[in-house]
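To keep things clear, I will list the structure first and then write my remarks on it.
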Amino acid sequence: MTAAREEILGAVREAMRGASPEYGPRPSGYHVAGQGDAVALFAERVAEYRASVVRAAEHDVASVVERLVTGTLAVPDGLPGAWLPATVEPVREPIGVDVLDRVDAVITGCALAIAETGTIVLDAGPAQGARALTLVPDHHLCIVHASQVVHSVPEAIRALGAAVRERRAPITFISGPSATSDIELERVEGVHGPRRLDVIVAE
Amino acid sequence: MSAARRSSASFPSAARVELGRTQLRRNLGHATATIRRKRLATVGELADWEELREAGRVIKDRTMRSLDRHLEEFERAFTAAGGEVHWARDADEANAITVAIALRHGATEVVKVKSLTTDEIGLNDALAAAGVDAIETDFAELILQLDGDWSSHILVPAIHRNRTEIRDLFRRTIGDAELTDDPSQLAETARRHLRERFLRARVGISGANFAVAETGSLVVLESEGNGRMCTTLPNVLISVVGIEKLVPRWEDLEVFLQLLPRSSTGERMNPYTSVWSGPVEGDGPREMHVILLDNGRTRVLADAVGRQALHCIRCSACLNVCPVYERTGGHAYGSIYPGPIGAILTPQLEGIDHAPSLPFASSLCGACEEACPVKIEIPRVLVHLRGKAPKPRAERRAFAALAWAFADRRRYERGQRLARLGRGLGRLGPLRGWTASRELPQVPDTSFRDWWRDRGA
């Protein structure tokens, strides 16, 4: 095993011998910050993935949730109790995959959201749960606070740096429901991930 | 047959067969035109697209210059996080490591994320030989696996099959007799078939789109959620990663997560991107392995012109714009990596003697280079490889000269003007043998570049 390691590293060094170790300045010509109303753009772009988007006042979140789900609801640790309507039956962590496979929906918060690409990002922080939670159920309801919406991909990556470096947090970028275009390029929602994604933007 | 090759037939003879398949050509024409249109629309949204491409090119170029350091850094970070890093010089070593881990955990089946790298090393066959069933979970890969077929496109591997063919296949294998050819019904069939396998799998296998050296992170982009299933639910995760997949820093992803989805599917972002940096208590696999694979890559790296083929991020934009690919389809290339990128990657990974016709599978129109999100000079590398292919010495020399000319735009333009002056000279001298059986191309009085420049002035 160490023989393979040494041989590969040796071959890499031999191949690049004579090439200067760094060539040219680090690239910086592309845009980092975006302009305009990020929250409006986010709502528009998420909807284009055929996910539903509702903008609601923070104190109305529970009533919107009530409209969108019935039955059993997987709930991660740290989810604000005010988001849950009395009509749902919460199932709390730890939740085995067999149970997740049978709940009606899962509700989570997020780490941040990206306007330009209509993406929600999870970093296993509070109100997000383990990754299986947002994967196995067929319906994912995600609450995004308006203050969590950044404009661009670079802004998002930079904001996530600390979670990766300090917590080694797993990161999941979600842009619309699960989909495939493998049959004659016709888009079909929902193969293995949640077939339904609802996003509530709380302001 | 060596690993990245699927067939030993030369490109011209395989292409002749594929050109006769009307269904294939119709499906492909529709697919490539659709993706081209979507790609242009989403790329057009970004005012800084050219700056992003340049950033992608520079990051890849810089990474290769210190690749040894980045590999060691990745190993350190992933190991510190509780993962295990293995090194494999070739396909056999990578397969042996994977098989040993699967057997140690008593696995009789493993679930797999779509991965060109594991196709390249023939991992499924190696697992089967050890009694382990490798289940492809990407929808298109599942179709191909059920039918004993193989991929014709990097992004949409089963694009040569239409819905009726898939319905018939599913009726024979995993579906029932009432199944229709409605794509959502076909997808539902695959969902039901794979769900229980995801839930019971002990070992998952993936590749990686990127590996971040600084943080020891692996990154997988996908659409269906099968990638999330395979990398989250099993207890053990094995990722086979080519050494060229490294990027130095976390922030480098801000460039590639823009370049790859827009170039690949033409979406602003693919549905799911997963990043993991070692095992996490109570969330995902408890045991994580990364196999860093050479399998010819250091040989490619040693070629100062050809090494840029290793910058490829497997988006498949070059396939969709290639007039040759659009007509022949992916199978004619006889390679895991089809299309223009395959024509420069396969002969280098395998050695030019194993795929001598591939560098000629191009008209050198340059559309691939313009579409490439990391600006790989595919025509230049093609001509460079033509110069190395086994053939009469004079022809080899002529292509070496062409390669030299392609390397610099001014040289190329001067050459075009010289060619107009020297029309007919090729019938004499060292190229006599070559021109005896070929028409020398007519060189137009004005080159396109000259015409464009004059028109603009």
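The way I read the labels, and the way they are meant: chains A, B, ... in the order of the structure tokens, residue 1 as the first residue of every chain, and ligand 1 as the first ligand shown, with later ones counted on from there.
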
Define the interface residues of chain B facing chain A as those within 6 Å, counting only C-alpha atoms, and report them as a ChimeraX atom specification.
/B:48,51-52,55,62,65-66,68,87,89,140,156,184,187,191,223-226,254,268-269,271-277,283,298,301-302

As a PyMOL selection string, please: every residue in stretch 144-223 of chain B that DSSP puts in strand (DSSP E).
chain B and resi 203-206+210-212+217-222

Pull C-alpha atoms from the residues just selected and write them as a compact mmCIF listing (two decimals), in the first residue's frame.
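The file below, out_8.txt, is the result:
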```txt
# COMPACT_ATOMS: atom_id res chain seq x y z
CA VAL B 203 -21.93 -0.79 1.60
CA GLY B 204 -22.25 2.13 -0.79
CA ILE B 205 -19.85 2.96 -3.61
CA SER B 206 -19.36 6.34 -5.24
CA PHE B 210 -14.41 17.02 -6.72
CA ALA B 211 -12.15 16.31 -3.76
CA VAL B 212 -11.14 19.33 -1.68
CA SER B 217 -14.14 16.83 1.43
CA LEU B 218 -15.72 14.80 -1.36
CA VAL B 219 -18.40 16.32 -3.58
CA VAL B 220 -21.02 14.50 -5.66
CA LEU B 221 -23.50 16.25 -7.98
CA GLU B 222 -26.63 14.41 -9.08
```

For the structure I just gave you, how does DSSP split stretch 5-41 of chain B - specifically, which residues are alpha helix (DSSP H)? Reply as a list of chain:residue names.
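Restricting stretch 5-41 of chain B to alpha helix (DSSP H) produces B:Phe11, B:Pro12, B:Ser13, B:Ala14, B:Ala15, B:Arg16, B:Val17, B:Glu18, B:Leu19, B:Thr22, B:Gln23, B:Leu24, B:Arg25, B:Arg26, B:Asn27, B:Leu28, B:Gly29, B:His30, B:Ala31, B:Thr32, B:Ala33, B:Thr34, B:Ile35, B:Arg36, B:Arg37, B:Lys38, B:Arg39, B:Leu40, B:Ala41.
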
Written selection (N, CA and C atoms) as an mmCIF file, in the first residue's frame:
```cif
data_model
loop_
_atom_site.group_PDB
_atom_site.id
_atom_site.type_symbol
_atom_site.label_atom_id
_atom_site.label_comp_id
_atom_site.auth_asym_id
_atom_site.auth_seq_id
_atom_site.Cartn_x
_atom_site.Cartn_y
_atom_site.Cartn_z
ATOM 1 N N PHE B 11 -12.390 3.611 -34.694
ATOM 2 C CA PHE B 11 -13.505 4.543 -34.768
ATOM 3 C C PHE B 11 -14.209 4.492 -36.125
ATOM 4 N N PRO B 12 -13.474 4.508 -37.265
ATOM 5 C CA PRO B 12 -14.196 4.515 -38.546
ATOM 6 C C PRO B 12 -15.094 3.292 -38.743
ATOM 7 N N SER B 13 -14.625 2.108 -38.373
ATOM 8 C CA SER B 13 -15.474 0.937 -38.623
ATOM 9 C C SER B 13 -16.640 0.881 -37.640
ATOM 10 N N ALA B 14 -16.412 1.279 -36.363
ATOM 11 C CA ALA B 14 -17.521 1.299 -35.402
ATOM 12 C C ALA B 14 -18.534 2.371 -35.797
ATOM 13 N N ALA B 15 -18.041 3.512 -36.286
ATOM 14 C CA ALA B 15 -18.941 4.606 -36.660
ATOM 15 C C ALA B 15 -19.839 4.187 -37.820
ATOM 16 N N ARG B 16 -19.279 3.428 -38.752
ATOM 17 C CA ARG B 16 -20.072 2.996 -39.910
ATOM 18 C C ARG B 16 -21.280 2.178 -39.434
ATOM 19 N N VAL B 17 -21.064 1.310 -38.451
ATOM 20 C CA VAL B 17 -22.165 0.509 -37.906
ATOM 21 C C VAL B 17 -23.195 1.410 -37.227
ATOM 22 N N GLU B 18 -22.698 2.329 -36.350
ATOM 23 C CA GLU B 18 -23.608 3.167 -35.569
ATOM 24 C C GLU B 18 -24.430 4.104 -36.462
ATOM 25 N N LEU B 19 -23.825 4.553 -37.568
ATOM 26 C CA LEU B 19 -24.533 5.485 -38.452
ATOM 27 C C LEU B 19 -25.769 4.841 -39.064
ATOM 28 N N THR B 22 -31.017 4.266 -37.106
ATOM 29 C CA THR B 22 -31.810 5.487 -37.235
ATOM 30 C C THR B 22 -32.384 5.933 -35.906
ATOM 31 N N GLN B 23 -32.840 4.985 -35.078
ATOM 32 C CA GLN B 23 -33.414 5.349 -33.776
ATOM 33 C C GLN B 23 -32.381 6.100 -32.947
ATOM 34 N N LEU B 24 -31.194 5.538 -32.916
ATOM 35 C CA LEU B 24 -30.102 6.157 -32.168
ATOM 36 C C LEU B 24 -29.874 7.583 -32.642
ATOM 37 N N ARG B 25 -29.808 7.772 -33.962
ATOM 38 C CA ARG B 25 -29.496 9.102 -34.486
ATOM 39 C C ARG B 25 -30.617 10.079 -34.174
ATOM 40 N N ARG B 26 -31.866 9.609 -34.248
ATOM 41 C CA ARG B 26 -32.991 10.489 -33.954
ATOM 42 C C ARG B 26 -32.963 10.900 -32.475
ATOM 43 N N ASN B 27 -32.794 9.922 -31.575
ATOM 44 C CA ASN B 27 -32.742 10.226 -30.135
ATOM 45 C C ASN B 27 -31.613 11.199 -29.823
ATOM 46 N N LEU B 28 -30.465 10.925 -30.423
ATOM 47 C CA LEU B 28 -29.296 11.740 -30.135
ATOM 48 C C LEU B 28 -29.451 13.155 -30.645
ATOM 49 N N GLY B 29 -29.970 13.286 -31.846
ATOM 50 C CA GLY B 29 -30.143 14.610 -32.438
ATOM 51 C C GLY B 29 -31.053 15.447 -31.553
ATOM 52 N N HIS B 30 -32.137 14.832 -31.085
ATOM 53 C CA HIS B 30 -33.074 15.530 -30.221
ATOM 54 C C HIS B 30 -32.404 15.901 -28.889
ATOM 55 N N ALA B 31 -31.692 14.935 -28.321
ATOM 56 C CA ALA B 31 -31.080 15.151 -27.002
ATOM 57 C C ALA B 31 -30.026 16.243 -27.054
ATOM 58 N N THR B 32 -29.121 16.152 -28.013
ATOM 59 C CA THR B 32 -28.033 17.131 -28.046
ATOM 60 C C THR B 32 -28.578 18.525 -28.349
ATOM 61 N N ALA B 33 -29.582 18.617 -29.231
ATOM 62 C CA ALA B 33 -30.151 19.938 -29.547
ATOM 63 C C ALA B 33 -30.829 20.533 -28.316
ATOM 64 N N THR B 34 -31.559 19.705 -27.566
ATOM 65 C CA THR B 34 -32.250 20.201 -26.372
ATOM 66 C C THR B 34 -31.258 20.694 -25.326
ATOM 67 N N ILE B 35 -30.242 19.899 -25.053
ATOM 68 C CA ILE B 35 -29.276 20.308 -24.015
ATOM 69 C C ILE B 35 -28.491 21.529 -24.470
ATOM 70 N N ARG B 36 -28.169 21.597 -25.751
ATOM 71 C CA ARG B 36 -27.452 22.778 -26.253
ATOM 72 C C ARG B 36 -28.263 24.046 -26.007
ATOM 73 N N ARG B 37 -29.555 23.963 -26.280
ATOM 74 C CA ARG B 37 -30.422 25.133 -26.124
ATOM 75 C C ARG B 37 -30.487 25.553 -24.645
ATOM 76 N N LYS B 38 -30.688 24.565 -23.762
ATOM 77 C CA LYS B 38 -30.783 24.874 -22.333
ATOM 78 C C LYS B 38 -29.474 25.446 -21.801
ATOM 79 N N ARG B 39 -28.392 24.868 -22.271
ATOM 80 C CA ARG B 39 -27.084 25.317 -21.796
ATOM 81 C C ARG B 39 -26.849 26.777 -22.197
ATOM 82 N N LEU B 40 -27.145 27.110 -23.447
ATOM 83 C CA LEU B 40 -26.929 28.485 -23.894
ATOM 84 C C LEU B 40 -27.763 29.455 -23.072
ATOM 85 N N ALA B 41 -28.984 29.055 -22.724
ATOM 86 C CA ALA B 41 -29.862 29.950 -21.966
ATOM 87 C C ALA B 41 -29.318 30.194 -20.561
#
```

May I have the residues within 7 Å of A:Gly78 as a PyMOL selection string, using only C-alpha atoms and disregarding those fewer than 2 positions away in the same chain?
chain A and resi 76+80+126-127

The distance between atom CA of A:Val144 and atom CA of A:Val65 is 12.8 Å

Contacts of A:Val64 at 12 Å (only C-alpha atoms; same-chain gap of 6+ positions) as number ranges by chain:
A: 52-58, 70, 82-85, 87, 141-143, 198-202

Report the distance between atom CA of B:Lys114 and atom CA of B:Asn209 in Å, rounded to one decimal place.
10.8 Å

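Between atom CA of A:Ala51 and atom CA of A:Arg196 the interatomic distance comes to 6.9 Å.
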